[in-house]
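Each remark here refers to the structure printed beneath this line.
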Amino acid sequence: MQDIEQKIEEHHIREEPYYLPTANELAVSLAAYATGTPILLKGPTGCGKTRFMQYLAWKLKRPLITVSCHDDLSTGDLVGRYLIQAGEAVWHDGPLTMAVRRGAICYLDEIVEARKDTTVVIHPLADDRRELPVEKKGELLVAPPEFMLAVSYNPGYQSVLKDLKPSTRQRFLALDFDYPSLEREAEIVASEAGVESSLARSLVKLARMTRGLKDSGLVEGASTRLLIQAGKLVVQGIPIHSACRVAITQPLSDDPELLAALDEMVRSLF
Amino acid sequence: MNDASLKQLFYRLVAPSLPNEWDVEEALEGLSGADEQLVTAFLEQVPMIWPVSHSLCFLCISQGEKIGAHLKPEMISPWFKGVLDNYERHGLRGAQQFIDDVPNFMACVQGRRGLLLEEAQGRLQPYVNGLAGREVPLLPGEQLFTDTCSIFLPRALRIRGSSEEGFLIYKFMVSFQWGIIALGTLAIKGHEQGAAQSHPLKRFFADFPESETGRGLYYFFETVRVLSYLQQELPGLIRQISPLSRQLFGREPAGAFSPPELLFERCWQGRSQLAGPDHASLLSLVKGWCLRCQEPQANRSLSMTAAVEVYGGLEQCGRLPLVWEPLLFQGAIQLEAVCRAALKQRQERHELFVASLSSHLLQLPPRAADDADTSGEEEQEQEQRSPAPGQSDQAMIFEQRSTGEHPGQRLLSITIDNQEVELNAELSELAGAISEDLGELPKTYISSAVGKAGRSRGAPDLHPDEEGPEIKAPLVYDEWDYRRQGYRKNWCLLREKEIPAVTSSFMAETLTKYRGQILQLRRQFELMQTRERFVRRQRDGDEIDFDALVETLADSAAGYPPSDRLFIRLQRDQREIAVILLVDMSNSTQGWVGKSIKEALVLLSEAMEMLNDRYAIYGFSGMRRLRCEVYPLKTLDEAYSSTVRKRIGSISPREYTRMAPAIRHMISLLKPVEARLRLLLILSDGKPEDYDDYKGSYAIEDTRHALFEAKAAGIQSFGITIDRHAQSYMGHMYGPANCIFVDDINRLPALVPEIYRTLTS
């Protein structure tokens with residue numbers, strides 16, 4: 001038990017994470033928390049979904065347990081399993097069970113990456129029952145009011161095969177995240193990377209150019225995260241052109257022509 | 001070599017064609033004075049160029065001496081390749097231009113010849129799309145201009161400079177034209193309906209007695225405005241072009257590089273026409289307006305005012321008319337093109353809006369559109385009465401706009417007959433674009449969408465899209481010519497044609513004949529299905545493997561090292577296979593060969609039903625390069641239905657075997673499919689061959705190359721053939737391990753499913 005106590009402590013967020021609200025997402029989430037409704041965050045990669053969850057957890061003073069979903073994620077990985085220790089079978093709680101037990105916020109990142117049969121385990125947790133059956137132990141956990149479930153996904157590049165089941169989707173309040181306006185995004189980049197606002201503005205301009213390239217074969221444009229990384233490199237003394245190249249253009253694409261075009265944008269802007 | 005032997009040699013090279021003797025003689029005259037080596041080099045090219053175009057061949061040879069003066073014999077072959085490329089892209093005229101340009105050819109080869117648009121386009125197109133945030137097509141044109149939807153660029157930049165410099169100039173041209181689009185220099189800001197018929201700027205220019213001067217002045221001030229905008233938005237670009245000042249502005253900067261400054265100097269300073277006592281005051285007038293145009297809040301009306309003022313100044317001093325040659329990056333103003341593009345865009349938006357709104361209405365729960373639904377008679381009346389612009393006769397329409405937060409005032413919902421219809425994001429964006437263009441969203445747009453929705457809901461469409469699959473535009477594919485080691489561009493026209501489904505006894509007979517075999521195949525294929533199984537003794541898993549645990553405990557009690565593989569894991573094996581069967585439907589499959597192929601298809605399809613593999617069946621045939629045909633028997637997404645069975649039953653021998661275009665088409669179909677294994681199975685009965693000169697090595701090499709392309713696209717191909725002479729070329733074409741020869745035609749039906757099983761498991 002002490003062990004769990006210690007583990008859960010690690011998930012507390014002590015310092016206020018930087019977050020600049022773009023719309024009413026905070027008010028809605030607080031209301032969702034108060035009414036015990038799970039939330040679904042959708043939006044392009046690196047636009048601040050995870051950061052928002054950290055901020056929310058800090059605001060609510062609850063531990064945040066994040067699970068990055070992948071296609072090999074099994075029910076056992078979420079709920080828990082027996083392990084052998086010194087010749088004995090010992091039960092170990094999975095992250096979801098731990099969150100339910102301790103009244104934490106459980107955040108399933110990129111939920112569509114998980115197999116559909118795995119996502120079904122969250123169904124009873126996500127409606128008004130708010131309970132989690134742990135079949136292998138024959139236990140039925142009822143979530144305390146402090147527990148909150150949040151999932152995220154990126155509607156941009158998912159294929160039809162990897163869409164959420166309607167029965168899953170319809171249990172959540174959906175918050176639509178998008179890149180902030182030019183001014184706000186520049187403010188975020190300037191504050192997070194510690195660069196001048198004019199440079200931050202140019203970086204955001206570059207990102208907005210890449211985001212317009214959907215028809216030219218770029219699945220997703222540069223995220224705010226990439227801009228911050230580029231900004232940080234500049235602060236570290238890397239020249240702006242190569243910072244943009246390693247932090248923005250190269251991570252975006254492998255296509256030589258597209259890369260060349262992105263490079264031209266960088267050279268035009270800076 | 002004398003004329004007679006030359007002529008003889010030429011006839012031998014073009015055999016079996018027999019061109020007119022006087023044509024040949026006339027053409028060969030062009031080579032009469034050339035030295036032996038050059039003549040040989042020329043004649044070597046004849047077999048390559050003759051099949052493409054006889055007249056092109058004559059044209060090249062007749063210019064032999066002139067060409068020989070500029071090119072060394074070893075450069076003849078690459079030069080001919082250039083001729084062919086130009087011919088295939090731009091026709092005989094393009095080839096003629098290339099031939100006339102022979103003095104520059106060596107410079108081109110050595111890399112100092114500027115740049116071709118197509119070389120730069122790959123990089124520039126995404127660049128300008130990024131700048132504009134939307135697709136702005138870069139199109140080749142006679143000169144540089146923009147119609148605000150696309151940018152037209154010259155096909156080639158003939159400058160004396162490296163290709164890198166050429167690229168920079170192209171990039172600057174494109175950026176400048178983007179600036180013109182972004183700042184609305186040419187935008188039709190008319191809220192009036194007729195605005196697009198005649199551009200408002202046209203009237204503005206016409207108001208000047210010397211309209212060319214007025215036009216030039218307006219463009220000058222707008223250029224200043226765009227340049228200063230570029231300076232502010234793309235400082236890196238301005239830095240990049242500073243070494244090219246001479247090429248772009250015709251002069252070196254005196255101090256720091258400032259494009260608006262250079263433009264001013266270039267257009268106004270040192271012009272003899274302006275010299276005189278009032279020279280200084282004129283210049284300061286222009287300079288003053290220049291500075292105002294560079295301020296951030298400048299807009300195009302300021303440039304218009306500036307043009308009027310400066311025009312007045314020039315008039316007073318009697319300096320009219322004054323014209324300027326546009327600079328390399330400025331290009332021309334083409335107001336008619338702008339109008340045409342705007343009209344076209346308006347039309348497209350209208351159609352798109354009506355189509356999306358009507359389908360949006362149809363998706364709503366019935367009541368929403370029921371109100372709009374009308375009976376046939378009424379509707380006819382309405383058709384006759386409509387559409388008086390701005391008048392809505394059918395529905396009361398209100399628009400509700402969002403206010404406050406979005407300054408853009410987006411249209412959120414419309415009210416049709418008291419029913420509020422909320423617009424989705426796409427529609428609302430479209431409506432926004434339309435009202436920005438026209439000043440409002442015309443009511444006729446909405447009423448025609450409502451009418452369309454009502455019609456579709458009222459009665460099933462009796463003529464479902466008349467543009468059926470047969471009327472699909474033909475696809476164009478290149479063809480590989482091994483003799484020139486290059487593609488013949490856009491050489492083959494391929495059409496997908498529907499095969500009529502015919503009811504015949506074939507299907508029933510086959511199913512009875514192979515009853516037992518089909519059952520057996522189904523069982524075999526069932527075993528290949530995606531399986532979920534428990535794998536025991538894993539290091540990690542969902543459950544404890546108790547057998548393993550007991551063993552481990554016993555082991556450790558006995559002093560053996562215990563195993564850590566104590567878990568059971570659920571393993572899912574996924575096949576994720578997509579396969580296309582490409583079936584030869586050439587004339588030679590007449591009779592029992594064709595029947596066996598059909599039977600093989602039936603057997604395979606029956607067995608495939610046990611699997612989840614996506615599969616498609618296509619037949620191919622055709623005659624000559626302009627009529628290659630592909631018949632979809634079953635597409636990837638189609639179920640194996642009775643229609644598919646009937647189509648298989650109605651496969652019949654058609655024409656020739658031009659295999660490569662069909663393969664290239666299959667590549668384009670398979671390439672976007674997401675699968676672990678993408679397979680192209682080709683079933684044929686002989687060599688690739690067509691009615692024209694598509695035979696022998698040419699055909700084999702082309703097919704081989706198409707198969708290479710498949711491989712490059714990540715598609716595995718496998719050939720099954722029943723041609724007795726197959727050994728000689730099959731291995732070369734498919735690669736030795738990727739084909740099989742079936743000697744007993746009766747075994748084919750049983751063998752094809754077997755081959756498929758082996759290939760995919």
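Chain lettering (A, B, ...) mirrors the order of the structure tokens, residue numbering begins at 1 for each chain separately, and ligand numbering begins at 1 in order of display.
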Check every residue of chain B for an atom within 8 Å of chain A, counting only C-alpha atoms, and provide those that qualify as a PDB file with N, CA and C atoms, in the first residue's frame.
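Resulting contents of result.pdb:
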```pdb
ATOM      1  N   GLY B 122       8.860  21.481 -58.557  1.00  0.00           N
ATOM      2  CA  GLY B 122       8.705  20.574 -57.423  1.00  0.00           C
ATOM      3  C   GLY B 122       8.958  21.271 -56.107  1.00  0.00           C
ATOM      4  N   ARG B 123       9.925  22.182 -56.101  1.00  0.00           N
ATOM      5  CA  ARG B 123      10.252  22.891 -54.878  1.00  0.00           C
ATOM      6  C   ARG B 123       9.347  24.101 -54.688  1.00  0.00           C
ATOM      7  N   LEU B 124       9.019  24.749 -55.828  1.00  0.00           N
ATOM      8  CA  LEU B 124       8.285  26.015 -55.727  1.00  0.00           C
ATOM      9  C   LEU B 124       6.814  25.833 -55.391  1.00  0.00           C
ATOM     10  N   GLN B 125       6.234  24.753 -55.909  1.00  0.00           N
ATOM     11  CA  GLN B 125       4.787  24.599 -55.718  1.00  0.00           C
ATOM     12  C   GLN B 125       4.419  24.489 -54.232  1.00  0.00           C
ATOM     13  N   PRO B 126       5.037  23.591 -53.468  1.00  0.00           N
ATOM     14  CA  PRO B 126       4.702  23.571 -52.039  1.00  0.00           C
ATOM     15  C   PRO B 126       5.087  24.885 -51.354  1.00  0.00           C
ATOM     16  N   TYR B 127       6.144  25.509 -51.858  1.00  0.00           N
ATOM     17  CA  TYR B 127       6.578  26.769 -51.248  1.00  0.00           C
ATOM     18  C   TYR B 127       5.474  27.817 -51.346  1.00  0.00           C
ATOM     19  N   ASN B 129       2.307  27.304 -52.029  1.00  0.00           N
ATOM     20  CA  ASN B 129       1.124  26.858 -51.286  1.00  0.00           C
ATOM     21  C   ASN B 129       1.261  27.211 -49.818  1.00  0.00           C
ATOM     22  N   GLY B 130       2.460  27.044 -49.304  1.00  0.00           N
ATOM     23  CA  GLY B 130       2.696  27.375 -47.902  1.00  0.00           C
ATOM     24  C   GLY B 130       2.527  28.861 -47.659  1.00  0.00           C
ATOM     25  N   LEU B 131       3.088  29.672 -48.567  1.00  0.00           N
ATOM     26  CA  LEU B 131       2.961  31.125 -48.419  1.00  0.00           C
ATOM     27  C   LEU B 131       1.491  31.528 -48.392  1.00  0.00           C
ATOM     28  N   ALA B 132       0.740  30.960 -49.342  1.00  0.00           N
ATOM     29  CA  ALA B 132      -0.627  31.424 -49.519  1.00  0.00           C
ATOM     30  C   ALA B 132      -1.600  30.716 -48.581  1.00  0.00           C
ATOM     31  N   GLY B 133      -1.194  29.592 -48.045  1.00  0.00           N
ATOM     32  CA  GLY B 133      -2.099  28.844 -47.187  1.00  0.00           C
ATOM     33  C   GLY B 133      -3.178  28.139 -47.971  1.00  0.00           C
ATOM     34  N   ARG B 134      -3.028  28.079 -49.269  1.00  0.00           N
ATOM     35  CA  ARG B 134      -3.962  27.323 -50.105  1.00  0.00           C
ATOM     36  C   ARG B 134      -3.221  26.949 -51.380  1.00  0.00           C
ATOM     37  N   GLU B 135      -3.882  26.148 -52.206  1.00  0.00           N
ATOM     38  CA  GLU B 135      -3.227  25.722 -53.440  1.00  0.00           C
ATOM     39  C   GLU B 135      -3.232  26.879 -54.444  1.00  0.00           C
ATOM     40  N   GLU B 233       7.743  40.830 -44.572  1.00  0.00           N
ATOM     41  CA  GLU B 233       7.289  39.469 -44.290  1.00  0.00           C
ATOM     42  C   GLU B 233       8.379  38.434 -44.519  1.00  0.00           C
ATOM     43  N   LEU B 234       9.151  38.616 -45.565  1.00  0.00           N
ATOM     44  CA  LEU B 234      10.145  37.599 -45.929  1.00  0.00           C
ATOM     45  C   LEU B 234      11.536  38.226 -45.983  1.00  0.00           C
ATOM     46  N   PRO B 235      12.033  38.685 -44.843  1.00  0.00           N
ATOM     47  CA  PRO B 235      13.341  39.349 -44.872  1.00  0.00           C
ATOM     48  C   PRO B 235      14.446  38.450 -45.405  1.00  0.00           C
ATOM     49  N   GLY B 236      14.318  37.144 -45.155  1.00  0.00           N
ATOM     50  CA  GLY B 236      15.344  36.214 -45.624  1.00  0.00           C
ATOM     51  C   GLY B 236      15.413  36.211 -47.138  1.00  0.00           C
ATOM     52  N   LEU B 237      14.258  36.249 -47.765  1.00  0.00           N
ATOM     53  CA  LEU B 237      14.210  36.230 -49.232  1.00  0.00           C
ATOM     54  C   LEU B 237      14.903  37.464 -49.790  1.00  0.00           C
ATOM     55  N   ILE B 238      14.619  38.607 -49.208  1.00  0.00           N
ATOM     56  CA  ILE B 238      15.219  39.844 -49.706  1.00  0.00           C
ATOM     57  C   ILE B 238      16.739  39.761 -49.574  1.00  0.00           C
ATOM     58  N   GLN B 240      18.423  37.019 -49.667  1.00  0.00           N
ATOM     59  CA  GLN B 240      18.886  36.052 -50.666  1.00  0.00           C
ATOM     60  C   GLN B 240      19.035  36.672 -52.045  1.00  0.00           C
ATOM     61  N   ASP B 542      -0.857 -11.668 -20.504  1.00  0.00           N
ATOM     62  CA  ASP B 542      -2.026 -11.281 -19.733  1.00  0.00           C
ATOM     63  C   ASP B 542      -2.279 -12.221 -18.563  1.00  0.00           C
ATOM     64  N   GLU B 543      -1.922 -13.481 -18.755  1.00  0.00           N
ATOM     65  CA  GLU B 543      -2.228 -14.418 -17.677  1.00  0.00           C
ATOM     66  C   GLU B 543      -1.062 -15.322 -17.369  1.00  0.00           C
ATOM     67  N   ILE B 544      -1.155 -15.926 -16.223  1.00  0.00           N
ATOM     68  CA  ILE B 544      -0.068 -16.803 -15.810  1.00  0.00           C
ATOM     69  C   ILE B 544      -0.243 -18.166 -16.467  1.00  0.00           C
ATOM     70  N   LEU B 553       8.658 -23.965 -10.556  1.00  0.00           N
ATOM     71  CA  LEU B 553       8.774 -24.171  -9.111  1.00  0.00           C
ATOM     72  C   LEU B 553       9.501 -25.487  -8.837  1.00  0.00           C
TER      73      LEU B 553
END
```
>> Could you list, as JSON, numbers by chain, every residue within 8 Å of Tyr477 in chain B, counting only C-alpha atoms and ignoring same-chain residues fewer than 2 positions away?
In response: {"B": [475, 479, 489, 490, 491, 492, 493, 494, 661, 664, 665]}
>> I need the residues in range 461-701 of chain B that are strand (DSSP E or B) according to DSSP; give them as a PyMOL selection string.
In response: chain B and resi 475-481+486-496+531-538+543-544+567-573+577-584+614-622+628-634+657+677-684+689
For range 173-185 of chain A, find every residue with an atom within 7 Å (counting only C-alpha atoms), except residues of its own chain fewer than 5 positions away, and show them as a PDB file with N, CA and C atoms, in the first residue's frame.
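Okay, this is what ended up in around02.pdb:
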```
ATOM      1  N   THR A  22      -7.181  28.985 -24.854  1.00  0.00           N
ATOM      2  CA  THR A  22      -7.553  29.566 -26.137  1.00  0.00           C
ATOM      3  C   THR A  22      -9.048  29.843 -26.204  1.00  0.00           C
ATOM      4  N   GLU A  25     -12.049  26.045 -22.741  1.00  0.00           N
ATOM      5  CA  GLU A  25     -11.776  24.651 -22.400  1.00  0.00           C
ATOM      6  C   GLU A  25     -11.627  24.412 -20.902  1.00  0.00           C
ATOM      7  N   PRO A  38     -16.491  12.197 -18.312  1.00  0.00           N
ATOM      8  CA  PRO A  38     -15.156  12.088 -18.930  1.00  0.00           C
ATOM      9  C   PRO A  38     -15.020  13.046 -20.116  1.00  0.00           C
ATOM     10  N   ILE A  39     -13.792  13.421 -20.454  1.00  0.00           N
ATOM     11  CA  ILE A  39     -13.598  14.341 -21.578  1.00  0.00           C
ATOM     12  C   ILE A  39     -12.722  13.724 -22.663  1.00  0.00           C
ATOM     13  N   LEU A  40     -13.007  14.167 -23.862  1.00  0.00           N
ATOM     14  CA  LEU A  40     -12.265  13.716 -25.043  1.00  0.00           C
ATOM     15  C   LEU A  40     -11.608  14.944 -25.662  1.00  0.00           C
ATOM     16  N   LEU A  41     -10.289  14.926 -25.766  1.00  0.00           N
ATOM     17  CA  LEU A  41      -9.601  16.059 -26.372  1.00  0.00           C
ATOM     18  C   LEU A  41      -9.222  15.662 -27.789  1.00  0.00           C
ATOM     19  N   LYS A  42      -9.662  16.448 -28.743  1.00  0.00           N
ATOM     20  CA  LYS A  42      -9.190  16.132 -30.095  1.00  0.00           C
ATOM     21  C   LYS A  42      -8.482  17.336 -30.693  1.00  0.00           C
ATOM     22  N   GLY A  43      -7.528  17.034 -31.507  1.00  0.00           N
ATOM     23  CA  GLY A  43      -6.771  18.129 -32.107  1.00  0.00           C
ATOM     24  C   GLY A  43      -5.466  17.626 -32.666  1.00  0.00           C
ATOM     25  N   PRO A  44      -4.828  18.430 -33.491  1.00  0.00           N
ATOM     26  CA  PRO A  44      -3.586  18.009 -34.127  1.00  0.00           C
ATOM     27  C   PRO A  44      -2.463  17.811 -33.109  1.00  0.00           C
ATOM     28  N   CYS A  47      -0.434  20.461 -30.165  1.00  0.00           N
ATOM     29  CA  CYS A  47      -1.121  21.744 -30.074  1.00  0.00           C
ATOM     30  C   CYS A  47      -1.443  22.081 -28.626  1.00  0.00           C
ATOM     31  N   VAL A 204       6.082  31.236 -35.840  1.00  0.00           N
ATOM     32  CA  VAL A 204       4.675  30.891 -35.990  1.00  0.00           C
ATOM     33  C   VAL A 204       4.234  31.063 -37.436  1.00  0.00           C
TER      34      VAL A 204
END
```
Write out as a short mmCIF file (atom, residue, chain, number, x, y, z; two decimals) with C-alpha atoms, in the first residue's frame which residues come within 6 Å of range 674-691 of chain B when counting only C-alpha atoms, dropping same-chain ones fewer than 6 positions away.
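Writing the result to result_32.cif gives the following:
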```cif
data_model
loop_
_atom_site.label_atom_id
_atom_site.label_comp_id
_atom_site.auth_asym_id
_atom_site.auth_seq_id
_atom_site.Cartn_x
_atom_site.Cartn_y
_atom_site.Cartn_z
CA GLU B 576 -3.42 -7.45 -44.26
CA ILE B 577 -3.05 -8.47 -47.84
CA ALA B 578 -4.31 -6.68 -50.89
CA VAL B 579 -4.04 -8.42 -54.21
CA ILE B 580 -4.99 -7.62 -57.76
CA LEU B 581 -5.29 -10.29 -60.39
CA LEU B 582 -4.59 -8.96 -63.81
CA VAL B 583 -5.97 -11.20 -66.50
CA ASP B 584 -4.96 -11.25 -70.12
CA ARG B 624 -2.53 0.44 -80.14
CA TYR B 656 -3.97 -7.42 -78.15
CA THR B 657 -1.63 -7.79 -75.17
CA ARG B 658 -0.15 -4.38 -74.36
CA MET B 659 0.58 -5.34 -70.81
CA ALA B 699 7.47 -4.84 -75.53
CA ILE B 715 4.14 -4.02 -54.86
CA GLN B 716 5.18 -7.61 -55.37
CA SER B 717 4.36 -9.02 -58.74
CA PHE B 718 4.10 -12.59 -59.89
CA GLY B 719 3.43 -13.91 -63.34
CA ILE B 720 1.64 -17.06 -64.35
CA THR B 721 1.82 -17.96 -68.01
CA ILE B 722 0.86 -20.78 -70.30
CA ASP B 723 2.99 -19.76 -73.25
#
```
> So which residues of range 425-623 of chain B fall under alpha helix (DSSP H) by DSSP, listed as a PyMOL selection string?
Replying inline: chain B and resi 425-438+443-458+506-513+515-527+546-558+592-608
> Quick one: residues within 7 Å of range 637-648 of chain B, only C-alpha atoms counted, chain neighbours fewer than 2 positions away excluded, as a PyMOL selection string?
Replying inline: chain B and resi 499-503+598+633-635+650-651
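In this model, the gap between CA of Ser245 in chain B and CA of Pro259 in chain B comes to 8.5 Å.
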>> Need the shell around Tyr19 in chain A: protein/DNA/RNA residues with any atom at most 9 Å away, counting only C-alpha atoms. Skip same-chain ones fewer than 5 positions apart. Format as a VMD selection string?
In response: chain A and resid 48 51 to 52 55 188
Mind writing the picked residues with N, CA and C atoms as an mmCIF file, in the first residue's frame?
```
data_model
loop_
_atom_site.group_PDB
_atom_site.id
_atom_site.type_symbol
_atom_site.label_atom_id
_atom_site.label_comp_id
_atom_site.auth_asym_id
_atom_site.auth_seq_id
_atom_site.Cartn_x
_atom_site.Cartn_y
_atom_site.Cartn_z
ATOM 1 N N GLY A 48 -1.058 21.209 -27.703
ATOM 2 C CA GLY A 48 -1.227 21.556 -26.301
ATOM 3 C C GLY A 48 -2.218 20.699 -25.539
ATOM 4 N N ARG A 51 -0.397 19.273 -22.447
ATOM 5 C CA ARG A 51 -0.098 20.363 -21.554
ATOM 6 C C ARG A 51 -1.356 20.821 -20.822
ATOM 7 N N PHE A 52 -2.456 20.824 -21.553
ATOM 8 C CA PHE A 52 -3.717 21.217 -20.931
ATOM 9 C C PHE A 52 -4.077 20.258 -19.800
ATOM 10 N N TYR A 55 -2.080 21.014 -16.831
ATOM 11 C CA TYR A 55 -2.555 22.233 -16.202
ATOM 12 C C TYR A 55 -3.825 21.952 -15.395
ATOM 13 N N ILE A 188 2.963 32.054 -26.734
ATOM 14 C CA ILE A 188 3.319 30.768 -26.124
ATOM 15 C C ILE A 188 4.764 30.413 -26.455
#
```
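If you look at CA of Leu217 in chain B and CA of Pro140 in chain B, they are 27.4 Å away from each other.
Put simply, CA of Gly82 in chain B is 9.5 Å away from CA of Phe105 in chain B.
Ranking B:Glu498, B:Glu606, B:Glu118, B:Asp207 by their shortest atom-to-atom distance to Leu521 in chain B, with only C-alpha atoms included, puts B:Glu606 first.
Closest approach to Asp127 in chain A from the set A:Thr35, A:Gly103, A:Val67, A:Arg62 is made by A:Thr35, with distances taken over only C-alpha atoms.
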